[in-house]
Amino acid sequence: MQVSDIQMLLADAGWYEGAIDGDAGPKTWAAVASAWRNADRVAVRSGGPWPEDWTHSRRLVAAGQIALHQMGYGPGVIDGYAGRNTEEALTDWRSEKVGVSSLVERSLVSGGRNHPSQKLFPHQRDMAHFYGDAGGAQCTAGKVDLAYPMLIAWNKPQTVRRFSCHEKVAQPLTGIFQQTLQHYGLSDVERLGLNIFGGCFNFRRMRGGTSLSTHAYGAAVDLNPEQNQLRWGADRAQFAQPEYVPFWNIVMAHGGTPAGYAWGKDWMHFQFAGV
Ligand SMILES: [Zn+2]
């Protein structure tokens, strides 16, 4: 995320009236401070005041994330790291600015359903009946204890052993990672990038769309987003390769639906909802 992007975002959100010159001067920093003061405390989980130890560039990126959040683009956790969610939110915002579509083609390939367990979970359009309100407390009440440590995709030095999800999917998710470890063993899990966590709960719209994402219910997981980008098909995505078939079978046996199988793109993503 460039300084000029951040200036444009801050201007669009109404906090900045200076030049879009890519140079973070006093007006930019005043706007950054306004963004922080106006930040929705739910999004900024650390709350205020500004973490003292954040670098200048991290503070700038966080201000851009706050602007994206306030304007409804769902940049993910406001942590000052321009990870995939933030980049995708920026793409959505830019696309709307210039009036081009950032739509992701989601035409069905197969529907991604070929295991009876998948029937335990609703169709995407019935998610609110099954999961309750998107963004509600139940959407992060589930805890997944991971069978192996995972790296955070947007901040790789950081590892996690546990993440939050919807209470109704904690059990199948725990099972998926246990069986994945049993099947592949730790060294192959790492070699295949099945240990790179790209996020679960995130209150946002579907990328390039208006309806809520399955992530807004905490009922979807992304893995290894860099090698499985949103718009990549099976010809480019790493997770479309034959070595990953057992992994996807494990996901489906626990009720998950792989996006790659369902609509042929977004191979990082699986969800507990049919399409
Ligand atoms: Zn996803």
# chains A, B, ... in the order shown; residues from 1 in each chain; ligands from 1
>>> select_by_dssp(residues="segment 48-253 of chain A", states="helix (DSSP H, G or I)", output="JSON, numbers by chain")
{"A": [56, 57, 58, 59, 60, 61, 62, 63, 64, 65, 66, 67, 68, 69, 70, 84, 85, 86, 87, 88, 89, 90, 91, 92, 93, 94, 95, 96, 97, 98, 116, 117, 118, 119, 120, 124, 125, 126, 127, 128, 129, 130, 131, 137, 138, 139, 170, 171, 172, 173, 174, 175, 176, 177, 178, 179, 180, 181, 182, 183, 184, 186, 187, 188, 189, 190, 191, 214, 215, 216, 217, 225, 226, 227, 238, 239, 240, 242, 243, 244, 245, 246, 247, 248, 249, 250, 251, 252, 253]}
>>> residues_near_ligand(ligand="ligand 1", cutoff="6 Å", atoms="only C-alpha atoms and all ligand atoms", output="tab-separated table (two decimals) with C-alpha atoms, in the first residue's frame")
chain	number	residue	atom	x	y	z
A	221	VAL	CA	-11.13	-20.54	6.08
A	222	ASP	CA	-8.41	-19.36	3.71
A	269	HIS	CA	-10.91	-20.88	0.37
>>> residues_around(residues="Thr86 of chain A", least_positions_apart="3", cutoff="9 Å", atoms="only C-alpha atoms", output="JSON, numbers by chain")
{"A": [1, 64, 65, 68, 73, 74, 75, 76, 77, 78, 81, 82, 83, 89, 90, 91]}
>>> closest_atom_pairs(of="segment 90-176 of chain A", to="segment 187-200 of chain A", cutoff="6 Å", atoms="only C-alpha atoms", output="tab-separated table")
residue	atom	partner	partner_atom	distance
A:Met150	CA	A:Asn195	CA	4.6
A:Leu151	CA	A:Ile196	CA	4.9
A:Ile152	CA	A:Phe197	CA	5.1
A:Ala153	CA	A:Gly198	CA	5.2
>>> write_last_selection(atoms="C-alpha atoms", output="PDB file, in the first residue's frame")
ATOM      1  CA  MET A 150       0.399 -22.297  11.395  1.00  0.00           C
ATOM      2  CA  LEU A 151       2.090 -19.212  10.007  1.00  0.00           C
ATOM      3  CA  ILE A 152       0.078 -16.035   9.562  1.00  0.00           C
ATOM      4  CA  ALA A 153       0.042 -15.382   5.799  1.00  0.00           C
TER       5      ALA A 153
END
>>> atom_distance(atom1="atom CA of Val32 of chain A", atom2="atom CA of Leu60 of chain A")
6.7 Å
>>> closest_residue(among="A:Ala219, A:Val144, A:Ala24, A:Ala19", to="Gln2 of chain A", atoms="only C-alpha atoms")
A:Ala24
>>> closest_atom_pairs(of="segment 102-182 of chain A", to="segment 236-255 of chain A", cutoff="7 Å", atoms="only C-alpha atoms", output="Markdown table")
| residue | atom | partner | partner_atom | distance |
| --- | --- | --- | --- | --- |
| A:His115 | CA | A:Ala253 | CA | 6.0 |
| A:Ser117 | CA | A:Gly255 | CA | 4.6 |
| A:Gln118 | CA | A:Gly255 | CA | 3.8 |
| A:Leu120 | CA | A:Gly255 | CA | 6.7 |
| A:Phe121 | CA | A:Gly255 | CA | 6.8 |
| A:Pro172 | CA | A:His254 | CA | 5.4 |
| A:Ile176 | CA | A:Val251 | CA | 5.9 |
| A:Thr180 | CA | A:Phe247 | CA | 6.3 |
>>> write_last_selection(atoms="N, CA and C atoms", output="short mmCIF file (atom, residue, chain, number, x, y, z; two decimals), in the first residue's frame")
data_model
loop_
_atom_site.label_atom_id
_atom_site.label_comp_id
_atom_site.auth_asym_id
_atom_site.auth_seq_id
_atom_site.Cartn_x
_atom_site.Cartn_y
_atom_site.Cartn_z
N HIS A 115 -19.98 -35.20 -0.82
CA HIS A 115 -19.91 -36.01 0.40
C HIS A 115 -21.15 -35.73 1.24
N SER A 117 -21.65 -35.53 4.37
CA SER A 117 -21.46 -34.61 5.51
C SER A 117 -21.75 -33.17 5.13
N GLN A 118 -21.59 -32.85 3.87
CA GLN A 118 -21.79 -31.46 3.45
C GLN A 118 -23.26 -31.04 3.61
N LEU A 120 -24.94 -31.40 6.16
CA LEU A 120 -25.16 -30.91 7.52
C LEU A 120 -25.10 -29.38 7.58
N PHE A 121 -24.59 -28.78 6.52
CA PHE A 121 -24.43 -27.32 6.50
C PHE A 121 -25.34 -26.71 5.44
N PRO A 172 -15.62 -29.58 13.23
CA PRO A 172 -15.11 -30.06 11.94
C PRO A 172 -13.76 -29.44 11.55
N ILE A 176 -10.38 -31.44 10.61
CA ILE A 176 -9.72 -31.30 9.31
C ILE A 176 -8.20 -31.20 9.48
N THR A 180 -5.40 -33.91 8.39
CA THR A 180 -4.41 -33.44 7.41
C THR A 180 -3.00 -33.80 7.89
#
>>> select_by_dssp(residues="segment 69-233 of chain A", states="strand (DSSP E)", output="mmCIF file with N, CA and C atoms, in the first residue's frame")
data_model
loop_
_atom_site.group_PDB
_atom_site.id
_atom_site.type_symbol
_atom_site.label_atom_id
_atom_site.label_comp_id
_atom_site.auth_asym_id
_atom_site.auth_seq_id
_atom_site.Cartn_x
_atom_site.Cartn_y
_atom_site.Cartn_z
ATOM 1 N N GLY A 142 -16.382 -20.134 18.528
ATOM 2 C CA GLY A 142 -15.714 -21.425 18.362
ATOM 3 C C GLY A 142 -14.209 -21.250 18.394
ATOM 4 N N LYS A 143 -13.499 -22.214 18.986
ATOM 5 C CA LYS A 143 -12.030 -22.150 19.011
ATOM 6 C C LYS A 143 -11.489 -23.422 18.368
ATOM 7 N N VAL A 144 -10.611 -23.223 17.401
ATOM 8 C CA VAL A 144 -9.985 -24.363 16.737
ATOM 9 C C VAL A 144 -8.594 -24.556 17.332
ATOM 10 N N ASP A 145 -8.388 -25.683 17.987
ATOM 11 C CA ASP A 145 -7.044 -26.017 18.467
ATOM 12 C C ASP A 145 -6.340 -26.747 17.337
ATOM 13 N N LEU A 146 -5.316 -26.126 16.820
ATOM 14 C CA LEU A 146 -4.654 -26.660 15.631
ATOM 15 C C LEU A 146 -3.729 -27.824 15.958
ATOM 16 N N ALA A 147 -3.756 -28.818 15.098
ATOM 17 C CA ALA A 147 -2.911 -29.992 15.278
ATOM 18 C C ALA A 147 -1.444 -29.664 15.015
ATOM 19 N N TYR A 148 -1.203 -28.594 14.273
ATOM 20 C CA TYR A 148 0.174 -28.161 13.995
ATOM 21 C C TYR A 148 0.200 -26.643 13.945
ATOM 22 N N PRO A 149 1.348 -26.036 14.259
ATOM 23 C CA PRO A 149 1.388 -24.569 14.258
ATOM 24 C C PRO A 149 1.250 -24.018 12.844
ATOM 25 N N MET A 150 0.567 -22.916 12.707
ATOM 26 C CA MET A 150 0.399 -22.297 11.395
ATOM 27 C C MET A 150 1.052 -20.923 11.384
ATOM 28 N N LEU A 151 1.510 -20.541 10.193
ATOM 29 C CA LEU A 151 2.090 -19.212 10.007
ATOM 30 C C LEU A 151 0.990 -18.275 9.537
ATOM 31 N N ILE A 152 1.048 -17.031 10.010
ATOM 32 C CA ILE A 152 0.078 -16.035 9.562
ATOM 33 C C ILE A 152 0.525 -15.533 8.185
ATOM 34 N N ASN A 155 1.970 -12.037 7.921
ATOM 35 C CA ASN A 155 3.016 -11.703 8.890
ATOM 36 C C ASN A 155 3.688 -12.999 9.318
ATOM 37 N N LYS A 156 4.460 -13.575 8.375
ATOM 38 C CA LYS A 156 4.932 -14.961 8.524
ATOM 39 C C LYS A 156 5.726 -15.284 9.792
ATOM 40 N N PRO A 157 6.467 -14.325 10.375
ATOM 41 C CA PRO A 157 7.157 -14.716 11.608
ATOM 42 C C PRO A 157 6.195 -15.131 12.719
ATOM 43 N N GLN A 158 4.940 -14.723 12.593
ATOM 44 C CA GLN A 158 3.979 -14.998 13.666
ATOM 45 C C GLN A 158 3.307 -16.366 13.449
ATOM 46 N N THR A 159 3.277 -17.173 14.484
ATOM 47 C CA THR A 159 2.587 -18.462 14.351
ATOM 48 C C THR A 159 1.359 -18.490 15.252
ATOM 49 N N VAL A 160 0.408 -19.332 14.877
ATOM 50 C CA VAL A 160 -0.782 -19.521 15.707
ATOM 51 C C VAL A 160 -0.988 -21.003 15.975
ATOM 52 N N ARG A 161 -1.550 -21.303 17.140
ATOM 53 C CA ARG A 161 -1.928 -22.678 17.493
ATOM 54 C C ARG A 161 -3.442 -22.772 17.616
ATOM 55 N N ARG A 162 -4.114 -21.626 17.504
ATOM 56 C CA ARG A 162 -5.527 -21.587 17.791
ATOM 57 C C ARG A 162 -6.130 -20.419 17.028
ATOM 58 N N PHE A 163 -7.316 -20.590 16.467
ATOM 59 C CA PHE A 163 -8.004 -19.424 15.917
ATOM 60 C C PHE A 163 -9.500 -19.522 16.185
ATOM 61 N N SER A 164 -10.182 -18.390 16.053
ATOM 62 C CA SER A 164 -11.616 -18.322 16.345
ATOM 63 C C SER A 164 -12.436 -18.536 15.083
ATOM 64 N N CYS A 165 -13.594 -19.138 15.274
ATOM 65 C CA CYS A 165 -14.507 -19.373 14.160
ATOM 66 C C CYS A 165 -15.917 -19.450 14.731
ATOM 67 N N ILE A 196 -0.156 -22.412 6.181
ATOM 68 C CA ILE A 196 -0.173 -20.953 6.061
ATOM 69 C C ILE A 196 -1.615 -20.466 6.166
ATOM 70 N N PHE A 197 -1.895 -19.824 7.288
ATOM 71 C CA PHE A 197 -3.266 -19.422 7.625
ATOM 72 C C PHE A 197 -3.578 -18.048 7.033
ATOM 73 N N GLY A 198 -4.647 -17.995 6.244
ATOM 74 C CA GLY A 198 -5.021 -16.731 5.590
ATOM 75 C C GLY A 198 -6.252 -16.080 6.187
ATOM 76 N N GLY A 199 -6.790 -16.637 7.283
ATOM 77 C CA GLY A 199 -7.919 -15.988 7.953
ATOM 78 C C GLY A 199 -9.185 -16.820 7.970
ATOM 79 N N ALA A 220 -15.768 -19.873 7.157
ATOM 80 C CA ALA A 220 -14.898 -20.112 6.000
ATOM 81 C C ALA A 220 -13.452 -19.932 6.435
ATOM 82 N N VAL A 221 -12.562 -20.638 5.774
ATOM 83 C CA VAL A 221 -11.134 -20.542 6.080
ATOM 84 C C VAL A 221 -10.361 -20.354 4.777
ATOM 85 N N ASP A 222 -9.332 -19.523 4.834
ATOM 86 C CA ASP A 222 -8.410 -19.362 3.710
ATOM 87 C C ASP A 222 -7.049 -19.909 4.117
ATOM 88 N N LEU A 223 -6.426 -20.608 3.197
ATOM 89 C CA LEU A 223 -5.073 -21.117 3.423
ATOM 90 C C LEU A 223 -4.180 -20.718 2.259
#
>>> closest_residue(among="A:Gly260, A:Ala216, A:Gln70, A:Ile6", to="Arg58 of chain A", atoms="only C-alpha atoms")
A:Ile6
>>> closest_residue(among="A:Gly274, A:Pro122, A:Gly264, A:Gly18", to="Leu108 of chain A", atoms="only C-alpha atoms")
A:Gly264
>>> atom_distance(atom1="atom CA of Asp12 of chain A", atom2="atom CA of Arg204 of chain A")
18.9 Å
>>> closest_residue(among="A:Arg113, A:His129, A:Arg231, A:Lys168", to="Pro258 of chain A", atoms="only C-alpha atoms")
A:Arg113
>>> atom_distance(atom1="atom CA of Gln124 of chain A", atom2="atom CA of Gln171 of chain A")
19.8 Å
>>> closest_residue(among="A:Ala128, A:Asp79, A:Arg106, A:Trp154", to="Leu212 of chain A", atoms="only C-alpha atoms")
A:Ala128
>>> residues_around(residues="His123 of chain A", least_positions_apart="2", cutoff="8 Å", atoms="only C-alpha atoms", output="list of chain:residue names")
A:Phe121, A:Arg125, A:Asp126, A:Met127, A:Ala273, A:Gly274, A:Val275
